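For reference, query_12.txt is printed below; it contains compact mmCIF, C-alpha atoms.
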# COMPACT_ATOMS: atom_id res chain seq x y z
CA MET A 1 -28.02 47.88 -44.37
CA ILE A 2 -31.30 46.35 -43.30
CA THR A 3 -33.71 45.67 -46.14
CA PRO A 4 -37.33 44.53 -46.04
CA ASP A 5 -36.10 40.99 -46.96
CA SER A 6 -33.58 40.74 -44.10
CA PRO A 7 -35.95 39.18 -41.47
CA ARG A 8 -36.97 36.49 -43.95
CA ARG A 9 -33.32 35.66 -44.76
CA ALA A 10 -32.52 35.43 -41.05
CA LEU A 11 -35.48 33.11 -40.42
CA ARG A 12 -34.39 30.87 -43.30
CA SER A 13 -30.90 30.66 -41.84
CA VAL A 14 -32.21 29.68 -38.43
CA LEU A 15 -34.44 26.99 -39.95
CA ALA A 16 -31.53 25.62 -41.97
CA VAL A 17 -29.42 25.30 -38.83
CA LEU A 18 -32.25 23.52 -37.00
CA VAL A 19 -32.66 21.04 -39.86
CA LEU A 20 -28.94 20.26 -39.78
CA LEU A 21 -29.00 19.78 -36.02
CA LEU A 22 -32.02 17.46 -36.17
CA THR A 23 -30.49 15.46 -39.02
CA GLY A 24 -27.26 15.03 -37.09
CA ALA A 25 -29.16 13.94 -33.98
CA LEU A 26 -31.05 11.29 -35.91
CA LEU A 27 -27.85 9.99 -37.48
CA THR A 28 -26.30 9.51 -34.04
CA VAL A 29 -29.26 7.56 -32.56
CA PRO A 30 -28.31 3.86 -32.30
CA ALA A 31 -30.21 1.70 -34.77
CA ALA A 32 -31.64 -0.45 -31.95
CA ALA A 33 -33.19 2.64 -30.37
CA ARG A 34 -35.01 3.76 -33.49
CA PRO A 35 -38.63 2.74 -33.95
CA GLN A 36 -38.80 -0.57 -35.82
CA PRO A 37 -41.58 -1.29 -38.30
CA ALA A 38 -44.06 -3.97 -37.27
CA PRO A 39 -43.84 -7.24 -39.22
CA ALA A 40 -46.12 -7.34 -42.23
CA ALA A 41 -48.89 -9.92 -42.24
CA VAL A 42 -48.42 -12.80 -44.69
CA PRO A 43 -50.67 -13.28 -47.73
CA PRO A 44 -53.99 -14.85 -46.64
CA ALA A 45 -54.76 -18.55 -47.20
CA THR A 46 -51.23 -19.19 -48.49
CA LEU A 47 -48.43 -21.07 -46.75
CA THR A 48 -45.66 -18.47 -46.56
CA GLU A 49 -42.06 -18.67 -45.39
CA VAL A 50 -41.01 -15.89 -43.03
CA THR A 51 -37.34 -14.97 -42.59
CA GLY A 52 -35.59 -12.72 -40.11
CA PHE A 53 -38.14 -13.51 -37.40
CA GLY A 54 -35.75 -13.18 -34.44
CA ALA A 55 -33.29 -15.25 -32.43
CA ASN A 56 -32.81 -18.56 -34.24
CA PRO A 57 -29.66 -20.32 -33.00
CA SER A 58 -30.30 -23.60 -34.88
CA SER A 59 -31.33 -22.07 -38.24
CA LEU A 60 -34.91 -23.30 -38.29
CA GLN A 61 -37.22 -22.22 -41.08
CA MET A 62 -40.55 -20.60 -40.27
CA TYR A 63 -43.74 -21.07 -42.27
CA VAL A 64 -47.02 -19.34 -41.45
CA TYR A 65 -50.56 -20.05 -42.54
CA ALA A 66 -53.08 -17.26 -41.95
CA PRO A 67 -56.62 -17.98 -43.13
CA ALA A 68 -58.55 -15.36 -45.05
CA ASN A 69 -60.85 -14.87 -42.05
CA VAL A 70 -58.31 -14.43 -39.25
CA THR A 71 -60.18 -13.48 -36.10
CA ALA A 72 -59.35 -10.41 -34.04
CA HIS A 73 -56.57 -11.30 -31.58
CA PRO A 74 -56.33 -14.82 -32.96
CA ALA A 75 -55.10 -17.97 -31.28
CA VAL A 76 -51.81 -19.48 -32.45
CA LEU A 77 -51.18 -23.17 -33.14
CA VAL A 78 -47.57 -24.33 -33.49
CA ALA A 79 -47.65 -27.53 -35.61
CA VAL A 80 -44.36 -29.47 -35.41
CA HIS A 81 -43.32 -32.04 -37.99
CA TRP A 82 -41.87 -35.56 -37.67
CA CYS A 83 -38.27 -36.72 -38.32
CA GLY A 84 -37.59 -36.41 -42.04
CA GLY A 85 -40.51 -34.05 -42.46
CA SER A 86 -40.78 -30.30 -42.93
CA GLY A 87 -43.09 -27.40 -42.23
CA PRO A 88 -44.71 -27.64 -45.69
CA ALA A 89 -45.12 -31.42 -45.24
CA MET A 90 -46.86 -30.87 -41.90
CA HIS A 91 -49.09 -28.31 -43.61
CA SER A 92 -50.11 -30.61 -46.44
CA GLY A 93 -50.19 -33.84 -44.41
CA THR A 94 -52.58 -32.67 -41.69
CA GLU A 95 -55.93 -30.91 -41.70
CA TYR A 96 -55.03 -28.04 -39.37
CA ALA A 97 -55.06 -25.48 -42.20
CA ARG A 98 -58.59 -26.54 -43.15
CA LEU A 99 -59.65 -26.13 -39.55
CA ALA A 100 -57.92 -22.73 -39.36
CA ASP A 101 -60.05 -21.67 -42.35
CA ARG A 102 -63.11 -22.62 -40.32
CA TYR A 103 -62.14 -21.12 -36.96
CA GLY A 104 -59.81 -18.25 -37.82
CA PHE A 105 -56.64 -19.13 -35.88
CA LEU A 106 -53.03 -18.83 -37.10
CA ILE A 107 -50.64 -21.74 -37.68
CA VAL A 108 -46.86 -21.64 -37.34
CA TYR A 109 -44.97 -24.54 -38.93
CA PRO A 110 -41.33 -24.74 -37.74
CA SER A 111 -39.06 -26.62 -40.15
CA VAL A 112 -35.70 -28.27 -39.36
CA THR A 113 -32.73 -27.61 -41.64
CA ARG A 114 -30.17 -29.99 -40.04
CA GLY A 115 -29.47 -33.18 -41.98
CA SER A 116 -31.55 -35.51 -39.84
CA LYS A 117 -34.62 -33.28 -40.16
CA CYS A 118 -35.30 -34.16 -36.51
CA PHE A 119 -35.90 -31.57 -33.81
CA ASP A 120 -33.40 -31.21 -30.98
CA VAL A 121 -35.16 -32.66 -27.95
CA SER A 122 -32.07 -34.13 -26.31
CA SER A 123 -29.32 -31.53 -25.81
CA PRO A 124 -28.91 -29.62 -22.53
CA GLN A 125 -29.55 -26.42 -24.52
CA ALA A 126 -32.94 -27.68 -25.73
CA LEU A 127 -34.04 -28.77 -22.27
CA ARG A 128 -33.84 -25.42 -20.57
CA ARG A 129 -35.63 -22.16 -21.16
CA ASP A 130 -33.80 -19.86 -23.60
CA GLY A 131 -31.03 -22.47 -23.76
CA GLY A 132 -29.93 -21.75 -27.32
CA SER A 133 -31.44 -24.47 -29.53
CA ASP A 134 -34.67 -25.22 -31.44
CA PRO A 135 -37.10 -24.07 -28.72
CA VAL A 136 -35.57 -20.58 -28.83
CA GLY A 137 -36.24 -20.29 -32.56
CA ILE A 138 -39.81 -21.52 -32.14
CA LYS A 139 -40.41 -18.99 -29.36
CA SER A 140 -39.15 -16.27 -31.74
CA MET A 141 -41.70 -17.41 -34.32
CA ILE A 142 -44.48 -17.01 -31.76
CA ASP A 143 -43.20 -13.55 -30.87
CA TRP A 144 -43.19 -12.59 -34.56
CA VAL A 145 -46.82 -13.55 -35.18
CA SER A 146 -47.87 -11.97 -31.88
CA VAL A 147 -46.69 -8.59 -33.18
CA ALA A 148 -47.85 -9.04 -36.77
CA TYR A 149 -51.37 -10.15 -35.78
CA SER A 150 -51.85 -8.92 -32.19
CA THR A 151 -52.52 -12.50 -31.09
CA ASP A 152 -54.14 -13.64 -27.86
CA PRO A 153 -51.27 -14.57 -25.49
CA ALA A 154 -53.59 -16.84 -23.48
CA ARG A 155 -54.32 -19.01 -26.54
CA VAL A 156 -51.02 -20.36 -27.82
CA PHE A 157 -50.92 -24.13 -28.40
CA ALA A 158 -48.51 -26.76 -29.70
CA THR A 159 -49.04 -30.10 -31.42
CA GLY A 160 -46.65 -32.49 -33.10
CA ILE A 161 -46.07 -35.97 -34.49
CA SER A 162 -43.15 -38.22 -33.45
CA SER A 163 -40.14 -35.84 -33.25
CA GLY A 164 -42.70 -33.03 -33.25
CA ALA A 165 -44.53 -34.73 -30.37
CA MET A 166 -41.30 -34.87 -28.41
CA MET A 167 -40.76 -31.17 -29.18
CA THR A 168 -44.31 -30.46 -28.00
CA ASN A 169 -43.35 -31.93 -24.61
CA VAL A 170 -40.16 -29.86 -24.61
CA LEU A 171 -41.91 -26.60 -25.52
CA LEU A 172 -44.46 -26.99 -22.73
CA GLY A 173 -41.64 -27.66 -20.27
CA ASP A 174 -39.40 -24.81 -21.39
CA TYR A 175 -42.16 -22.22 -21.85
CA PRO A 176 -45.07 -22.97 -19.48
CA ASP A 177 -45.93 -19.28 -19.46
CA VAL A 178 -46.33 -19.22 -23.26
CA PHE A 179 -48.37 -22.36 -24.03
CA ALA A 180 -51.88 -23.04 -22.78
CA ALA A 181 -51.93 -26.68 -23.90
CA GLY A 182 -50.27 -29.25 -26.12
CA ALA A 183 -51.16 -32.43 -28.03
CA ALA A 184 -48.42 -35.00 -28.64
CA PHE A 185 -48.84 -37.87 -31.13
CA ALA A 186 -46.38 -40.74 -30.48
CA GLY A 187 -43.90 -38.85 -28.34
CA VAL A 188 -41.93 -39.27 -25.12
CA PRO A 189 -41.84 -37.32 -21.84
CA PHE A 190 -39.88 -34.11 -21.42
CA GLY A 191 -36.25 -34.99 -20.72
CA CYS A 192 -36.57 -38.68 -21.65
CA PHE A 193 -34.38 -38.26 -24.76
CA ALA A 194 -31.71 -36.27 -22.91
CA THR A 195 -28.11 -36.85 -24.01
CA THR A 196 -24.82 -35.09 -23.31
CA ASP A 197 -22.64 -36.50 -26.10
CA GLY A 198 -24.17 -34.62 -29.00
CA SER A 199 -26.25 -37.58 -30.10
CA GLU A 200 -29.81 -36.92 -31.25
CA TRP A 201 -31.00 -40.42 -30.35
CA ASN A 202 -31.56 -42.08 -26.97
CA SER A 203 -32.13 -45.81 -27.43
CA ALA A 204 -33.15 -46.43 -23.82
CA CYS A 205 -35.94 -43.86 -24.11
CA SER A 206 -37.09 -44.91 -27.56
CA GLY A 207 -37.17 -48.53 -26.36
CA GLY A 208 -39.45 -47.62 -23.46
CA THR A 209 -36.98 -48.67 -20.76
CA VAL A 210 -36.63 -45.27 -19.07
CA ASN A 211 -38.90 -45.56 -16.04
CA ARG A 212 -38.95 -42.74 -13.50
CA THR A 213 -41.30 -41.85 -10.68
CA PRO A 214 -43.90 -39.15 -11.32
CA GLN A 215 -41.96 -36.89 -8.95
CA GLN A 216 -38.75 -37.38 -10.95
CA TRP A 217 -40.52 -36.68 -14.24
CA GLY A 218 -42.10 -33.57 -12.75
CA ASP A 219 -38.76 -32.36 -11.41
CA LEU A 220 -37.29 -32.56 -14.93
CA VAL A 221 -40.03 -30.25 -16.21
CA ARG A 222 -39.67 -27.81 -13.33
CA GLY A 223 -35.90 -27.79 -13.81
CA ALA A 224 -36.30 -26.33 -17.29
CA TYR A 225 -37.54 -23.05 -15.82
CA PRO A 226 -36.37 -22.84 -12.20
CA GLY A 227 -38.40 -20.57 -9.98
CA TYR A 228 -41.51 -20.56 -12.15
CA THR A 229 -44.65 -20.88 -10.02
CA GLY A 230 -47.42 -19.96 -12.47
CA PRO A 231 -50.00 -22.16 -14.20
CA ARG A 232 -48.81 -25.18 -16.17
CA PRO A 233 -50.19 -26.13 -19.61
CA ARG A 234 -52.74 -28.88 -20.16
CA MET A 235 -51.56 -31.91 -22.13
CA GLN A 236 -53.15 -34.42 -24.49
CA VAL A 237 -51.09 -37.51 -25.43
CA TRP A 238 -51.73 -40.14 -28.11
CA HIS A 239 -49.89 -43.46 -28.60
CA GLY A 240 -50.27 -46.77 -30.41
CA THR A 241 -49.79 -49.96 -28.42
CA GLU A 242 -47.67 -51.47 -31.24
CA ASP A 243 -45.36 -48.48 -31.70
CA ASP A 244 -41.96 -49.98 -32.59
CA VAL A 245 -40.10 -46.66 -32.86
CA LEU A 246 -41.03 -44.95 -29.60
CA ARG A 247 -42.39 -47.81 -27.54
CA HIS A 248 -45.77 -47.66 -25.82
CA PRO A 249 -44.38 -47.50 -22.22
CA ASN A 250 -43.47 -43.89 -23.01
CA PHE A 251 -47.21 -43.18 -23.10
CA GLY A 252 -47.58 -44.11 -19.42
CA GLU A 253 -44.49 -42.12 -18.49
CA GLU A 254 -45.94 -39.03 -20.22
CA ILE A 255 -49.13 -39.44 -18.22
CA GLU A 256 -47.15 -39.70 -14.99
CA GLN A 257 -45.14 -36.61 -15.87
CA TRP A 258 -47.94 -34.24 -16.79
CA THR A 259 -50.39 -35.35 -14.09
CA GLU A 260 -47.63 -34.82 -11.53
CA VAL A 261 -46.77 -31.42 -12.97
CA ARG A 262 -50.44 -30.44 -12.78
CA GLY A 263 -50.72 -31.84 -9.25
CA ILE A 264 -53.72 -34.08 -10.01
CA GLY A 265 -52.53 -37.64 -9.35
CA GLN A 266 -52.45 -40.62 -11.69
CA THR A 267 -55.96 -41.99 -11.10
CA PRO A 268 -58.28 -41.28 -14.06
CA ALA A 269 -61.34 -39.16 -13.40
CA ALA A 270 -63.00 -40.75 -16.44
CA THR A 271 -62.34 -43.60 -18.87
CA ASP A 272 -64.17 -44.23 -22.14
CA SER A 273 -63.76 -45.51 -25.71
CA PRO A 274 -64.67 -42.73 -28.17
CA GLN A 275 -63.82 -45.01 -31.09
CA THR A 276 -63.31 -48.76 -31.55
CA GLY A 277 -59.87 -49.72 -30.29
CA TRP A 278 -59.34 -46.41 -28.47
CA THR A 279 -59.05 -46.09 -24.71
CA ARG A 280 -59.29 -42.52 -23.47
CA THR A 281 -58.51 -41.53 -19.90
CA ARG A 282 -58.95 -38.09 -18.39
CA TYR A 283 -57.19 -36.82 -15.31
CA GLY A 284 -58.17 -33.97 -13.01
CA SER A 285 -61.70 -33.62 -14.44
CA THR A 286 -64.10 -35.48 -16.72
CA GLY A 287 -64.71 -32.76 -19.31
CA GLU A 288 -63.35 -32.17 -22.80
CA ARG A 289 -60.69 -29.81 -21.46
CA ALA A 290 -59.34 -31.93 -18.62
CA PRO A 291 -55.86 -31.01 -17.35
CA VAL A 292 -54.50 -34.22 -18.90
CA GLU A 293 -56.12 -36.43 -21.55
CA ALA A 294 -54.56 -39.65 -22.88
CA ILE A 295 -55.67 -41.79 -25.85
CA SER A 296 -54.17 -45.25 -26.39
CA LEU A 297 -54.83 -46.92 -29.77
CA GLN A 298 -54.94 -50.73 -29.61
CA GLY A 299 -52.91 -52.51 -32.28
CA VAL A 300 -51.69 -49.28 -33.91
CA GLY A 301 -48.02 -48.62 -34.73
CA HIS A 302 -45.90 -45.48 -34.79
CA ASN A 303 -47.68 -43.83 -37.72
CA LEU A 304 -50.87 -43.38 -35.77
CA TYR A 305 -51.96 -39.91 -36.92
CA ALA A 306 -55.07 -40.02 -39.09
CA TRP A 307 -57.47 -37.44 -40.49
CA GLY A 308 -60.17 -36.60 -38.00
CA MET A 309 -57.85 -36.61 -35.00
CA ALA A 310 -57.13 -32.90 -35.38
CA ASP A 311 -60.79 -32.17 -34.63
CA LYS A 312 -60.32 -33.83 -31.24
CA VAL A 313 -57.16 -31.81 -30.67
CA LEU A 314 -59.05 -28.59 -31.33
CA THR A 315 -61.82 -29.64 -28.96
CA PHE A 316 -59.24 -30.28 -26.25
CA PHE A 317 -57.66 -26.89 -26.92
CA GLY A 318 -61.05 -25.16 -27.06
CA LEU A 319 -60.37 -23.80 -30.55
CA ASP A 320 -63.44 -25.33 -32.17
CA ALA A 321 -65.83 -22.99 -30.36
CA GLY A 322 -67.72 -26.07 -29.26
CA GLY A 323 -65.57 -27.61 -26.55
CA GLU A 324 -66.94 -27.38 -23.05
CA PRO A 325 -65.04 -25.21 -20.58
CA GLY A 326 -62.53 -26.97 -18.40
CA PRO A 327 -60.12 -26.29 -15.59
CA GLY A 328 -57.14 -25.39 -17.77
CA PRO A 329 -54.73 -22.50 -17.13
CA GLY A 330 -56.55 -19.23 -16.77
CA PRO A 331 -56.96 -16.30 -14.46
CA ALA A 332 -57.05 -17.14 -10.79
CA GLY A 333 -60.24 -16.46 -8.91
CA ALA A 334 -62.42 -19.60 -9.05
CA CYS A 335 -60.91 -20.61 -5.73
CA LYS A 336 -59.14 -19.01 -2.81
CA VAL A 337 -56.79 -20.63 -0.31
CA THR A 338 -55.80 -19.35 3.10
CA VAL A 339 -52.86 -21.19 4.62
CA SER A 340 -50.81 -20.85 7.80
CA THR A 341 -48.16 -22.95 9.53
CA SER A 342 -47.04 -23.40 13.11
CA ALA A 343 -43.52 -24.81 13.40
CA TRP A 344 -41.13 -26.22 15.98
CA ASN A 345 -37.56 -27.58 15.71
CA THR A 346 -38.09 -30.29 13.11
CA GLY A 347 -41.84 -30.30 12.56
CA LEU A 348 -44.85 -28.18 11.68
CA THR A 349 -48.60 -28.20 11.31
CA ALA A 350 -50.40 -26.47 8.48
CA SER A 351 -54.00 -25.28 8.36
CA VAL A 352 -55.53 -24.84 4.91
CA THR A 353 -58.91 -23.29 4.11
CA LEU A 354 -60.19 -23.76 0.55
CA THR A 355 -63.01 -21.46 -0.59
CA ASN A 356 -65.02 -21.94 -3.76
CA THR A 357 -65.26 -18.44 -5.24
CA GLY A 358 -66.88 -19.66 -8.46
CA THR A 359 -70.56 -19.71 -9.37
CA ALA A 360 -71.03 -23.50 -9.50
CA SER A 361 -70.55 -26.23 -6.93
CA VAL A 362 -67.33 -28.21 -6.94
CA ASN A 363 -68.14 -31.92 -6.84
CA GLY A 364 -64.95 -33.76 -6.00
CA TRP A 365 -61.77 -31.75 -5.49
CA ARG A 366 -58.03 -32.19 -5.72
CA LEU A 367 -55.92 -29.46 -4.21
CA GLY A 368 -52.41 -29.37 -5.64
CA PHE A 369 -49.42 -27.65 -4.05
CA THR A 370 -45.65 -28.04 -3.77
CA LEU A 371 -43.99 -28.41 -0.39
CA PRO A 372 -40.71 -26.54 0.19
CA THR A 373 -37.61 -28.72 -0.06
CA GLY A 374 -37.06 -30.80 3.06
CA GLN A 375 -40.73 -31.02 4.11
CA THR A 376 -42.53 -34.39 4.28
CA VAL A 377 -46.16 -34.94 5.26
CA THR A 378 -46.40 -37.34 8.21
CA ASN A 379 -50.12 -37.01 8.98
CA GLY A 380 -53.14 -35.26 7.57
CA TRP A 381 -56.83 -34.59 8.06
CA GLY A 382 -59.70 -33.49 5.83
CA ALA A 383 -58.02 -35.04 2.77
CA ALA A 384 -55.75 -37.83 1.52
CA TYR A 385 -52.23 -36.59 0.69
CA THR A 386 -50.08 -38.14 -2.07
CA PRO A 387 -47.14 -38.18 -2.40
CA ALA A 388 -45.72 -37.14 0.98
CA SER A 389 -43.23 -34.59 -0.42
CA GLY A 390 -42.61 -32.44 -3.47
CA ALA A 391 -45.69 -31.80 -5.60
CA VAL A 392 -48.52 -33.01 -3.34
CA THR A 393 -52.18 -33.63 -4.18
CA ALA A 394 -54.77 -33.42 -1.39
CA THR A 395 -57.90 -35.34 -2.44
CA ASN A 396 -61.22 -34.73 -0.72
CA ALA A 397 -62.52 -37.01 2.01
CA SER A 398 -65.86 -38.79 1.59
CA TYR A 399 -67.67 -36.20 3.71
CA ASN A 400 -66.38 -32.93 2.17
CA GLY A 401 -66.18 -33.59 -1.58
CA THR A 402 -68.88 -31.06 -2.50
CA VAL A 403 -68.15 -27.37 -1.99
CA ALA A 404 -70.96 -24.95 -2.83
CA PRO A 405 -70.30 -21.45 -4.24
CA ASN A 406 -68.83 -19.19 -1.53
CA ALA A 407 -68.51 -22.16 0.82
CA SER A 408 -65.25 -23.35 2.37
CA VAL A 409 -63.63 -26.57 3.52
CA THR A 410 -60.79 -26.82 6.04
CA LEU A 411 -58.02 -29.37 5.92
CA GLY A 412 -54.54 -29.67 7.33
CA TYR A 413 -51.42 -31.74 7.69
CA GLN A 414 -48.46 -32.34 9.93
CA ALA A 415 -45.01 -32.44 8.36
CA SER A 416 -41.36 -32.80 9.24
CA HIS A 417 -38.89 -30.24 7.93
CA SER A 418 -35.14 -29.73 7.72
CA GLY A 419 -35.13 -26.01 8.44
CA ASP A 420 -37.61 -24.53 5.94
CA SER A 421 -41.02 -24.38 7.62
CA ARG A 422 -42.74 -22.10 5.11
CA ALA A 423 -46.24 -22.79 3.79
CA PRO A 424 -46.71 -23.60 0.08
CA SER A 425 -46.93 -20.42 -1.99
CA SER A 426 -49.38 -21.57 -4.69
CA PHE A 427 -52.35 -23.95 -4.97
CA THR A 428 -54.45 -25.41 -7.78
CA LEU A 429 -58.01 -26.68 -7.51
CA ASN A 430 -58.58 -29.50 -10.04
CA GLY A 431 -55.75 -27.98 -12.07
CA ALA A 432 -56.90 -24.32 -11.95
CA GLU A 433 -54.87 -21.71 -10.13
CA CYS A 434 -56.25 -20.36 -6.83
CA THR A 435 -55.61 -17.01 -5.25
CA VAL A 436 -53.64 -17.35 -2.01
CA SER A 437 -53.88 -15.25 1.14
Translate the structure described by the file into structure tokens.
Amino acid sequence: MITPDSPRRALRSVLAVLVLLLTGALLTVPAAARPQPAPAAVPPATLTEVTGFGANPSSLQMYVYAPANVTAHPAVLVAVHWCGGSGPAMHSGTEYARLADRYGFLIVYPSVTRGSKCFDVSSPQALRRDGGSDPVGIKSMIDWVSVAYSTDPARVFATGISSGAMMTNVLLGDYPDVFAAGAAFAGVPFGCFATTDGSEWNSACSGGTVNRTPQQWGDLVRGAYPGYTGPRPRMQVWHGTEDDVLRHPNFGEEIEQWTEVRGIGQTPAATDSPQTGWTRTRYGSTGERAPVEAISLQGVGHNLYAWGMADKVLTFFGLDAGGEPGPGPGPAGACKVTVSTSAWNTGLTASVTLTNTGTASVNGWRLGFTLPTGQTVTNGWGAAYTPASGAVTATNASYNGTVAPNASVTLGYQASHSGDSRAPSSFTLNGAECTVS
């Protein structure tokens, strides 16, 4: 018999079935497919350890310092400690946290848990992108803060002391698409400490006897991320002339490596002495954000870091809001290159037109590009070409060094080849990426 309450009972039955069906569907959804909560921000102005931050094959610890006045879409500074140190020691022993309070950026302090308390900068795993050692864990830390704070992906930086300086070199080599710049205090070039026997120490490198050509150093960096053709980070290196742990010749090898990687040559664009006993050289430009900056401290040993140096690091990074703009990695568009080649059996000619698409004149230019394997420049015009193969820098001639806005300069070269006659696919003008057509 149908009663006045029958429709309501039927509706309740239908709703009950739907609830059961929905509950069962949710229970069968794989956990990885369910929405995951965003990481919670850490307490402000307090050094805080974060756990469960992502892939961490070498069991690093992660500490984060977020100032009370974190800016919208903040920059991230990864501050890497020395052998025997820790993340909290790096926090208390440097002034980066004080500067973060002033400028509103975040700091990540990785901390080693292995017995030596040294970072892995020598294993094959550490020296390749996503290879499965310390750099992977540090990249996970960056990913964690990027979600928790909606950070600016174009403003991620690394700095370190001793072992941390070596890791700074490694991070910039492994993850050139993540870091905008680095500052290494008493370190060695990327790949210099490489070992294959499980040892963490390379005596030849620490003793300053590993001497490679700029091309060889650059190839080590490029080998960490094969196929990558985007912008490379800027680098600032510091070293004491009396360093008896990581000898001073490593300073010159670092300069050779990063100038070659940036395609700017090893001749300083500027040399000065910002402080008594300091010699500072800048490569690729003369400004505070040159592609490569190097500071040698006369008579200073391995423990060279001193309060006040971090201010100069922030100026180089552009995090102090007072550094002048420079030609570091950034969106392409300040220059445009049109390139074409005409080839025969074993040779080719290339015609290159460089156009200044910026709003200011370029006074003195270096055009960087990488020749395909097997090509060697045998002759050139409109510029001086060094070296003849690999990562080449074309430096302006005496008559075409100034390029006004919207003006162009034409140059070219003749090269031999072993079968690959393609034109270079990317160009940099004084270290900044150009668009290519």
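Computed from the coordinates, the CA of Gly230 in chain A to CA of Ala294 in chain A distance equals 23.4 Å.
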Just the residues within 12 Å of range 379-381 of chain A, please, counting all atoms listed in the file, with nothing from its chain fewer than 6 positions along; format it as a list in words.
Gly347, Leu348, Thr349, Ala350, Ser351, Val352, Pro387, Ala388, Ser389, Thr393, Ala394, Thr395, Asn396, Ala397, Ser398, Tyr399, Asn400, Val409, Thr410, Leu411, Gly412, Tyr413, Gln414, Ala415 and Ser416 of chain A
Can you write out the residues you just picked, keeping C-alpha atoms, as a CSV table (one decimal), keeping the file's coordinate frame?
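Full text of selection_19.csv as output:
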chain,number,residue,atom,x,y,z
A,347,GLY,CA,-41.8,-30.3,12.6
A,348,LEU,CA,-44.8,-28.2,11.7
A,349,THR,CA,-48.6,-28.2,11.3
A,350,ALA,CA,-50.4,-26.5,8.5
A,351,SER,CA,-54.0,-25.3,8.4
A,352,VAL,CA,-55.5,-24.8,4.9
A,387,PRO,CA,-47.1,-38.2,-2.4
A,388,ALA,CA,-45.7,-37.1,1.0
A,389,SER,CA,-43.2,-34.6,-0.4
A,393,THR,CA,-52.2,-33.6,-4.2
A,394,ALA,CA,-54.8,-33.4,-1.4
A,395,THR,CA,-57.9,-35.3,-2.4
A,396,ASN,CA,-61.2,-34.7,-0.7
A,397,ALA,CA,-62.5,-37.0,2.0
A,398,SER,CA,-65.9,-38.8,1.6
A,399,TYR,CA,-67.7,-36.2,3.7
A,400,ASN,CA,-66.4,-32.9,2.2
A,409,VAL,CA,-63.6,-26.6,3.5
A,410,THR,CA,-60.8,-26.8,6.0
A,411,LEU,CA,-58.0,-29.4,5.9
A,412,GLY,CA,-54.5,-29.7,7.3
A,413,TYR,CA,-51.4,-31.7,7.7
A,414,GLN,CA,-48.5,-32.3,9.9
A,415,ALA,CA,-45.0,-32.4,8.4
A,416,SER,CA,-41.4,-32.8,9.2
Would you pick out the contacts of Arg262 in chain A at 8 Å or less, using all atoms listed in the file, so that residues sharing its chain but fewer than 6 positions from it are not included, and give the list as a PDB file with C-alpha atoms, in the coordinates of the input?
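After the write, part_31.pdb holds the following:
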ATOM      1  CA  ARG A 232     -48.810 -25.180 -16.170  1.00  0.00           C
ATOM      2  CA  ARG A 234     -52.740 -28.880 -20.160  1.00  0.00           C
ATOM      3  CA  PRO A 291     -55.860 -31.010 -17.350  1.00  0.00           C
ATOM      4  CA  GLY A 368     -52.410 -29.370  -5.640  1.00  0.00           C
ATOM      5  CA  GLY A 431     -55.750 -27.980 -12.070  1.00  0.00           C
TER       6      GLY A 431
END
Please determine, counting only C-alpha atoms, which residue among A:Arg102, A:Arg212, A:Lys139, A:Arg247 has the shortest atom-to-atom distance to Gly54 in chain A.
A:Lys139
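As for CA of Thr353 in chain A and CA of Val339 in chain A, they are spaced 6.4 Å apart.
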Counting all atoms listed in the file, what is within 9 Å of Phe119 in chain A, bar same-chain residues fewer than 4 positions away, as a PyMOL selection string?
chain A and resi 80-83+111-112+114+134+163-164+166-167+200
Just the residues within 6 Å of Tyr109 in chain A, please, counting all atoms listed in the file, with nothing from its chain fewer than 5 positions along; format it as a ChimeraX atom specification.
/A:63,79,87
Closest of A:Gly191, A:Pro124, A:Pro176, A:Pro110 to Thr159 in chain A, counting all atoms listed in the file, is A:Pro110
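The two atoms in question, CA of Ala183 in chain A and CA of Trp258 in chain A, are spaced 11.8 Å apart.
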A:Gly401, A:Gly284, A:Gly382, A:Gly207: which is nearest Asn356 in chain A, counting all atoms listed in the file?
A:Gly401
If you count only C-alpha atoms, the residue of A:Gly173, A:Cys434, A:Pro74, A:Leu220 closest to Ala154 in chain A turns out to be A:Pro74
Identify, on the basis of all atoms listed in the file, every residue whose closest approach to Phe251 in chain A does not exceed 8 Å; exclude the query and any residue fewer than 6 positions from it along the same chain; express the result as a CSV table (one decimal) with C-alpha atoms, keeping the file's coordinate frame.
chain,number,residue,atom,x,y,z
A,186,ALA,CA,-46.4,-40.7,-30.5
A,187,GLY,CA,-43.9,-38.8,-28.3
A,188,VAL,CA,-41.9,-39.3,-25.1
A,237,VAL,CA,-51.1,-37.5,-25.4
A,238,TRP,CA,-51.7,-40.1,-28.1
A,239,HIS,CA,-49.9,-43.5,-28.6
A,296,SER,CA,-54.2,-45.2,-26.4
Sel. within 12 Å of pt (-28.0, -25.2, -29.1), counting only C-alpha atoms, output as a ChimeraX atom specification
/A:55-60,119-137,196,198
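Minimum distance to Asp420 in chain A across A:Gly265, A:Gly115, A:Gly390, A:Gly374 (counting only C-alpha atoms) occurs at A:Gly374.
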For a quick check of your reading of the model, name the residues lying within 12 Å of the coordinate (-46.7, -13.5, -37.0), counting all atoms listed in the file, and write them as JSON, numbers by chain.
{"A": [38, 39, 40, 41, 42, 43, 48, 49, 50, 51, 52, 53, 54, 62, 63, 64, 65, 66, 70, 73, 74, 75, 76, 77, 78, 105, 106, 107, 108, 109, 138, 139, 140, 141, 142, 143, 144, 145, 146, 147, 148, 149, 150, 151, 152]}
